[in-house]
file structure27.csv (CSV, C-alpha atoms and all ligand atoms)
chain,number,residue,atom,x,y,z
L,912,MET,CA,0.0,0.0,0.0
L,913,LEU,CA,1.4,3.4,-1.0
L,914,GLU,CA,1.8,6.0,1.7
L,915,GLN,CA,1.5,9.7,0.8
L,916,LEU,CA,4.3,11.9,2.1
L,917,THR,CA,3.5,15.2,0.4
L,918,PRO,CA,1.0,16.3,-2.3
L,919,ARG,CA,3.2,14.9,-5.1
L,920,VAL,CA,5.3,12.3,-3.2
L,921,TRP,CA,4.4,8.8,-2.2
L,922,HIS,CA,6.3,5.7,-1.2
L,923,LEU,CA,5.9,2.0,-0.7
L,924,PRO,CA,7.2,1.8,2.9
L,925,PHE,CA,10.2,-0.2,4.0
L,926,SER,CA,9.9,-3.7,5.4
L,927,GLN,CA,12.6,-4.9,7.8
L,928,GLU,CA,11.5,-8.6,7.6
L,929,GLN,CA,11.7,-8.6,3.8
L,930,ASP,CA,14.9,-6.5,3.5
L,931,ARG,CA,12.8,-4.0,1.5
L,932,PRO,CA,13.9,-0.3,1.4
L,933,SER,CA,11.3,2.4,0.9
L,934,LEU,CA,10.5,2.8,-2.8
L,935,GLY,CA,9.7,6.4,-3.7
L,936,TYR,CA,7.2,7.7,-6.2
L,937,ILE,CA,7.4,11.4,-7.3
L,938,ARG,CA,4.5,12.4,-9.6
L,939,GLY,CA,5.0,15.4,-11.8
L,940,GLU,CA,2.5,16.7,-14.4
L,941,ASN,CA,4.5,15.1,-17.3
L,942,PHE,CA,6.7,12.4,-15.8
L,943,SER,CA,7.0,10.3,-12.7
L,944,LEU,CA,10.1,9.0,-11.0
L,945,MET,CA,10.7,5.9,-8.9
L,946,VAL,CA,13.3,6.2,-6.2
L,947,ASP,CA,15.4,3.0,-5.9
L,948,GLY,CA,15.0,-0.3,-7.8
L,949,GLY,CA,13.8,-2.8,-5.2
L,950,ASN,CA,15.6,-5.8,-3.7
L,951,ASP,CA,14.0,-8.5,-6.0
L,952,PRO,CA,11.4,-8.7,-8.8
L,953,ALA,CA,8.6,-9.4,-6.2
L,954,HIS,CA,9.4,-6.1,-4.5
L,955,VAL,CA,9.1,-4.2,-7.8
L,956,GLN,CA,5.8,-6.1,-8.6
L,957,ALA,CA,4.4,-5.1,-5.2
L,958,TYR,CA,5.3,-1.5,-6.0
L,959,GLN,CA,3.6,-1.7,-9.5
L,960,LYS,CA,0.5,-3.3,-8.0
L,961,ALA,CA,0.3,-0.5,-5.4
L,962,LEU,CA,0.5,2.1,-8.2
L,963,LEU,CA,-2.1,0.3,-10.3
L,964,SER,CA,-4.6,0.1,-7.4
L,965,ALA,CA,-4.0,3.9,-6.7
L,966,LYS,CA,-4.6,4.4,-10.5
L,967,PHE,CA,-1.2,6.1,-10.9
L,968,PRO,CA,0.8,5.9,-14.0
L,969,LEU,CA,3.9,3.6,-13.8
L,970,PRO,CA,7.1,5.6,-13.4
L,971,HIS,CA,9.1,6.8,-16.5
L,972,PHE,CA,12.5,6.6,-14.8
L,973,ALA,CA,14.1,5.2,-11.7
L,974,VAL,CA,16.9,6.7,-9.7
L,975,LEU,CA,19.2,4.4,-7.7
L,976,THR,CA,20.4,5.9,-4.4
L,977,HIS,CA,23.5,3.5,-4.3
L,978,SER,CA,24.6,0.2,-5.6
L,979,HIS,CA,23.7,-2.1,-2.7
L,980,TRP,CA,21.8,-5.2,-3.7
L,981,ASP,CA,18.6,-4.4,-1.8
L,982,HIS,CA,18.2,-1.1,-3.7
L,983,CYS,CA,19.0,-2.6,-7.2
L,984,PHE,CA,18.3,-6.3,-7.7
L,985,GLY,CA,14.6,-5.7,-8.5
L,986,MET,CA,15.4,-3.5,-11.5
L,987,SER,CA,15.5,-6.4,-14.0
L,988,ALA,CA,11.7,-6.5,-13.5
L,989,LEU,CA,11.3,-3.0,-14.8
L,990,ASP,CA,11.5,-1.8,-18.4
L,991,ILE,CA,12.3,1.8,-17.6
L,992,PRO,CA,15.8,3.4,-17.7
L,993,ALA,CA,17.6,3.7,-14.4
L,994,ILE,CA,19.6,6.8,-13.5
L,995,ALA,CA,22.7,6.5,-11.3
L,996,CYS,CA,25.9,8.4,-10.4
L,997,ALA,CA,29.1,7.2,-12.0
L,998,GLU,CA,30.3,5.5,-8.8
L,999,THR,CA,27.1,3.4,-8.6
L,1000,TYR,CA,27.4,2.5,-12.3
L,1001,GLN,CA,31.0,1.3,-11.7
L,1002,SER,CA,30.0,-0.9,-8.8
L,1003,LEU,CA,27.0,-2.3,-10.6
L,1004,ARG,CA,29.1,-3.1,-13.6
L,1005,MET,CA,31.4,-5.2,-11.4
L,1006,VAL,CA,28.5,-7.0,-9.7
L,1007,ALA,CA,26.7,-7.6,-13.0
L,1008,ALA,CA,29.8,-9.4,-14.3
L,1009,TRP,CA,29.7,-11.9,-11.3
L,1010,SER,CA,28.3,-15.3,-12.2
L,1011,TRP,CA,26.4,-15.7,-8.9
L,1012,THR,CA,27.0,-19.4,-8.5
L,1013,PRO,CA,27.3,-20.6,-4.9
L,1014,GLU,CA,31.1,-21.0,-5.4
L,1015,GLU,CA,31.5,-17.5,-6.8
L,1016,MET,CA,29.5,-16.1,-3.9
L,1017,GLU,CA,31.8,-17.8,-1.5
L,1018,LYS,CA,34.8,-16.5,-3.3
L,1019,ASN,CA,33.4,-12.9,-3.2
L,1020,ILE,CA,32.7,-13.2,0.5
L,1021,ARG,CA,36.3,-14.4,1.2
L,1022,LYS,CA,37.6,-11.4,-0.9
L,1023,GLY,CA,35.4,-9.0,1.2
L,1024,ALA,CA,33.5,-8.0,-2.0
L,1025,LEU,CA,30.2,-9.4,-0.6
L,1026,PRO,CA,29.4,-8.9,3.1
L,1027,SER,CA,28.8,-12.4,4.6
L,1028,VAL,CA,25.8,-11.1,6.5
L,1029,CYS,CA,24.2,-10.2,3.1
L,1030,ALA,CA,24.8,-13.5,1.4
L,1031,PRO,CA,22.1,-15.5,3.3
L,1032,ARG,CA,19.6,-12.7,2.7
L,1033,ILE,CA,20.4,-12.7,-1.0
L,1034,ARG,CA,20.0,-16.5,-1.1
L,1035,TRP,CA,16.7,-16.2,0.7
L,1036,HIS,CA,15.4,-13.8,-2.0
L,1037,PHE,CA,17.1,-15.7,-4.9
L,1038,PRO,CA,17.0,-19.4,-4.0
L,1039,GLU,CA,18.8,-19.9,-7.4
L,1040,PRO,CA,21.3,-17.0,-7.3
L,1041,GLU,CA,22.5,-17.8,-10.8
L,1042,GLN,CA,19.2,-16.2,-11.9
L,1043,ILE,CA,20.2,-12.8,-10.5
L,1044,ARG,CA,20.3,-10.3,-13.4
L,1045,VAL,CA,21.7,-7.0,-12.5
L,1046,MET,CA,20.4,-4.3,-14.8
L,1047,LEU,CA,22.8,-1.5,-15.5
L,1048,PRO,CA,21.7,2.1,-15.3
L,1049,ALA,CA,21.2,3.8,-18.7
L,1050,VAL,CA,21.7,7.3,-17.6
L,1051,ILE,CA,24.9,8.2,-15.7
L,1052,PHE,CA,25.8,11.5,-14.1
L,1053,SER,CA,28.6,13.0,-12.0
L,1054,GLY,CA,28.0,15.2,-9.0
L,1055,GLN,CA,24.4,16.3,-9.6
L,1056,MET,CA,21.6,16.2,-12.1
L,1057,THR,CA,18.1,17.7,-12.2
L,1058,LEU,CA,14.9,16.3,-13.6
L,1059,ASP,CA,11.9,18.5,-14.4
L,1060,LEU,CA,8.9,16.2,-14.0
L,1061,GLY,CA,6.5,19.0,-14.7
L,1062,GLY,CA,5.6,21.3,-11.8
L,1063,CYS,CA,8.0,19.4,-9.7
L,1064,THR,CA,11.8,19.2,-9.9
L,1065,CYS,CA,14.1,16.5,-8.5
L,1066,HIS,CA,17.7,17.2,-7.7
L,1067,LEU,CA,19.7,14.0,-7.7
L,1068,ILE,CA,22.8,14.9,-5.6
L,1069,HIS,CA,25.8,12.7,-5.0
L,1070,VAL,CA,26.6,13.4,-1.3
L,1071,PRO,CA,29.4,12.5,1.1
L,1072,SER,CA,28.1,9.6,3.3
L,1073,PRO,CA,29.4,7.3,6.0
L,1074,HIS,CA,27.5,4.4,4.4
L,1075,SER,CA,28.9,4.2,0.8
L,1076,ARG,CA,31.0,6.2,-1.6
L,1077,ASP,CA,28.2,6.4,-4.1
L,1078,SER,CA,25.3,7.8,-2.0
L,1079,VAL,CA,22.7,9.9,-3.9
L,1080,ILE,CA,19.9,11.8,-2.4
L,1081,VAL,CA,16.7,13.0,-4.2
L,1082,TYR,CA,15.8,16.5,-3.1
L,1083,VAL,CA,12.3,17.8,-4.2
L,1084,PRO,CA,12.3,21.5,-3.3
L,1085,GLU,CA,8.6,22.1,-4.2
L,1086,GLU,CA,7.6,19.4,-1.7
L,1087,ARG,CA,10.3,20.4,0.8
L,1088,MET,CA,11.3,16.8,1.2
L,1089,VAL,CA,14.3,14.6,0.4
L,1090,PHE,CA,14.8,10.9,-0.1
L,1091,LEU,CA,17.9,9.9,1.7
L,1092,GLY,CA,18.5,6.3,0.7
L,1093,ASP,CA,21.0,4.7,3.0
L,1094,ALA,CA,23.2,7.9,3.1
L,1095,VAL,CA,22.4,8.5,6.8
L,1096,TYR,CA,23.7,5.1,7.9
L,1097,GLN,CA,27.1,3.7,8.9
L,1098,GLU,CA,29.2,1.5,6.6
L,1099,LEU,CA,29.0,-2.3,6.9
L,1100,LYS,CA,32.7,-3.0,6.9
L,1101,ASP,CA,33.9,-6.6,7.5
L,1102,ASP,CA,30.4,-7.3,8.8
L,1103,VAL,CA,30.6,-4.5,11.4
L,1104,TRP,CA,28.7,-1.2,11.3
L,1105,THR,CA,31.4,1.4,11.2
L,1106,GLU,CA,31.0,5.1,11.7
L,1107,HIS,CA,32.9,7.7,9.6
L,1108,PRO,CA,32.5,11.1,11.4
L,1109,ASP,CA,34.2,13.1,8.7
L,1110,LYS,CA,31.9,11.8,6.0
L,1111,LEU,CA,28.9,12.3,8.3
L,1112,GLN,CA,30.0,15.9,8.8
L,1113,GLY,CA,30.2,16.2,5.0
L,1114,LEU,CA,26.6,14.8,4.7
L,1115,MET,CA,25.5,17.3,7.3
L,1116,GLU,CA,27.0,20.2,5.4
L,1117,ALA,CA,25.4,19.0,2.2
L,1118,LEU,CA,21.9,18.8,3.8
L,1119,GLU,CA,22.0,21.9,5.9
L,1120,PRO,CA,21.6,24.5,3.1
L,1121,LEU,CA,18.7,22.5,1.5
L,1122,ASP,CA,15.2,23.8,2.4
L,1123,PHE,CA,13.2,20.7,3.4
L,1124,SER,CA,10.9,19.8,6.3
L,1125,PHE,CA,11.6,16.1,6.4
L,1126,GLY,CA,13.9,13.4,5.0
L,1127,GLN,CA,12.9,9.8,4.2
L,1128,PRO,CA,15.6,7.3,5.0
L,1129,ALA,CA,15.3,3.9,3.2
L,1130,HIS,CA,14.9,1.7,6.2
L,1131,GLN,CA,13.0,3.7,8.8
L,1132,LYS,CA,10.3,6.3,9.2
L,1133,ALA,CA,10.7,9.8,7.9
L,1134,MET,CA,12.6,12.3,10.2
L,1135,SER,CA,12.3,16.1,10.4
L,1136,LYS,CA,15.4,18.1,9.2
L,1137,GLN,CA,16.1,19.2,12.8
L,1138,ASP,CA,15.9,15.6,14.2
L,1139,LEU,CA,18.3,14.4,11.4
L,1140,LEU,CA,20.9,17.1,12.1
L,1141,THR,CA,20.7,16.5,15.9
L,1142,TRP,CA,21.1,12.7,15.3
L,1143,PHE,CA,24.2,13.3,13.1
L,1144,GLN,CA,25.7,15.8,15.6
L,1145,ARG,CA,25.2,13.3,18.4
L,1146,ARG,CA,26.9,10.5,16.4
L,1147,ILE,CA,29.8,12.8,15.6
L,1148,GLU,CA,30.2,13.8,19.3
L,1149,LYS,CA,30.2,10.1,20.3
L,1150,THR,CA,33.3,9.4,18.2
L,1151,LYS,CA,35.3,12.2,19.8
L,1152,PRO,CA,37.9,11.1,22.4
R,1201,ZN,ZN,23.1,0.3,1.6

call {"tool": "encode", "arguments": {"input": "structure27.csv", "output": "structure tokens"}}
result
Amino acid sequence: MLEQLTPRVWHLPFSQEQDRPSLGYIRGENFSLMVDGGNDPAHVQAYQKALLSAKFPLPHFAVLTHSHWDHCFGMSALDIPAIACAETYQSLRMVAAWSWTPEEMEKNIRKGALPSVCAPRIRWHFPEPEQIRVMLPAVIFSGQMTLDLGGCTCHLIHVPSPHSRDSVIVYVPEERMVFLGDAVYQELKDDVWTEHPDKLQGLMEALEPLDFSFGQPAHQKAMSKQDLLTWFQRRIEKTKP
């Protein structure tokens, strides 16, 4: 079921049990944009079903907030172009070239290329992992790109983030909201959640000048701008000796 966030913005809320991030939907007068590509084809189908039952047009493009599997492995079920920053494109090209046999998965875990905590979840979603098809984005940008959906603009901004080097946020100034993807979270490094205060500071500096009332992270409920900044500040303080 879609949840309305602002007059022009909806999302299919996240689900912790199913490893599903929030999937955004921004409806302009001419085009609509999907935010993130889903964790598997069933996730994308649930999103499409929710749009159909709301009598909304299917999105014309999708933007990927970063290259992690739960945000991208549903894209093969969509026949619309995906947009991503160059860093996400590079990572997905590498992942798309993997053969996804159980042996290859083990090898990638040993190399540290695939977090071992993610592997069982991927296997749960794809009992035959050889069937994983990673669709590559068709539109690649560096730094920042703007989409005019008609009466509604979307700024896709590559931001510093403790979570990943390729974090993109989607800022919708007319709606005073921002989709944050996983940019607000720590990095999963050698299976441990690891803080990077310098990058968190960078994210804070990227968000502060934007005029928005709330941000929607991918795996939790929306937060006000003030609560987000206070949360970041607290985390930065915690890392100080
Ligand atoms: Zn992530």

call {"tool": "atom_distance", "arguments": {"input": "structure27.csv", "atom1": "CA of Met1016 in chain L", "atom2": "CA of Asp1093 in chain L"}}
result
23.5 Å

call {"tool": "residues_around", "arguments": {"input": "structure27.csv", "residues": "Trp1035 in chain L", "least_positions_apart": "3", "cutoff": "12 Å", "atoms": "all atoms listed in the file", "output": "VMD selection string"}}
result
chain L and resid 928 to 930 950 to 951 1028 to 1032 1038 to 1040

call {"tool": "closest_residue", "arguments": {"input": "structure27.csv", "among": "L:Lys1132, L:His1074, L:Lys1151, L:His1069", "to": "Phe925 in chain L", "atoms": "only C-alpha atoms"}}
result
L:Lys1132

call {"tool": "closest_residue", "arguments": {"input": "structure27.csv", "among": "L:Val1081, L:His977, L:Ser1053, L:Phe984", "to": "His1066 in chain L", "atoms": "all atoms listed in the file"}}
result
L:Val1081

call {"tool": "closest_residue", "arguments": {"input": "structure27.csv", "among": "L:Leu1099, L:Ala953, L:Leu962, L:Ile991", "to": "ligand ZN 1201 (chain R)", "atoms": "all atoms listed in the file"}}
result
L:Leu1099

call {"tool": "atom_distance", "arguments": {"input": "structure27.csv", "atom1": "CA of Phe942 in chain L", "atom2": "CA of His971 in chain L"}}
result
6.1 Å

call {"tool": "residues_near_point", "arguments": {"input": "structure27.csv", "point": "(5.8, -2.9, -11.1)", "cutoff": "10 Å", "atoms": "all atoms listed in the file", "output": "PyMOL selection string"}}
result
chain L and resi 949+952-963+969-970+985-986+988-990

call {"tool": "residues_near_ligand", "arguments": {"input": "structure27.csv", "ligand": "ligand ZN 1201 (chain R)", "cutoff": "8 Å", "atoms": "only C-alpha atoms and all ligand atoms", "output": "tab-separated table (two decimals) with C-alpha atoms, in the frame of the given file"}}
result
chain	number	residue	atom	x	y	z
L	977	HIS	CA	23.50	3.50	-4.30
L	978	SER	CA	24.60	0.20	-5.60
L	979	HIS	CA	23.70	-2.10	-2.70
L	980	TRP	CA	21.80	-5.20	-3.70
L	981	ASP	CA	18.60	-4.40	-1.80
L	982	HIS	CA	18.20	-1.10	-3.70
L	1074	HIS	CA	27.50	4.40	4.40
L	1075	SER	CA	28.90	4.20	0.80
L	1092	GLY	CA	18.50	6.30	0.70
L	1093	ASP	CA	21.00	4.70	3.00
L	1094	ALA	CA	23.20	7.90	3.10
L	1096	TYR	CA	23.70	5.10	7.90
L	1098	GLU	CA	29.20	1.50	6.60

call {"tool": "residues_near_point", "arguments": {"input": "structure27.csv", "point": "(27.4, -15.0, -12.4)", "cutoff": "12 Å", "atoms": "all atoms listed in the file", "output": "list in words"}}
result
Met1005, Val1006, Ala1007, Ala1008, Trp1009, Ser1010, Trp1011, Thr1012, Pro1013, Glu1014, Glu1015, Met1016, Lys1018, Asn1019, Glu1039, Pro1040, Glu1041, Gln1042, Ile1043, Arg1044 and Val1045 of chain L
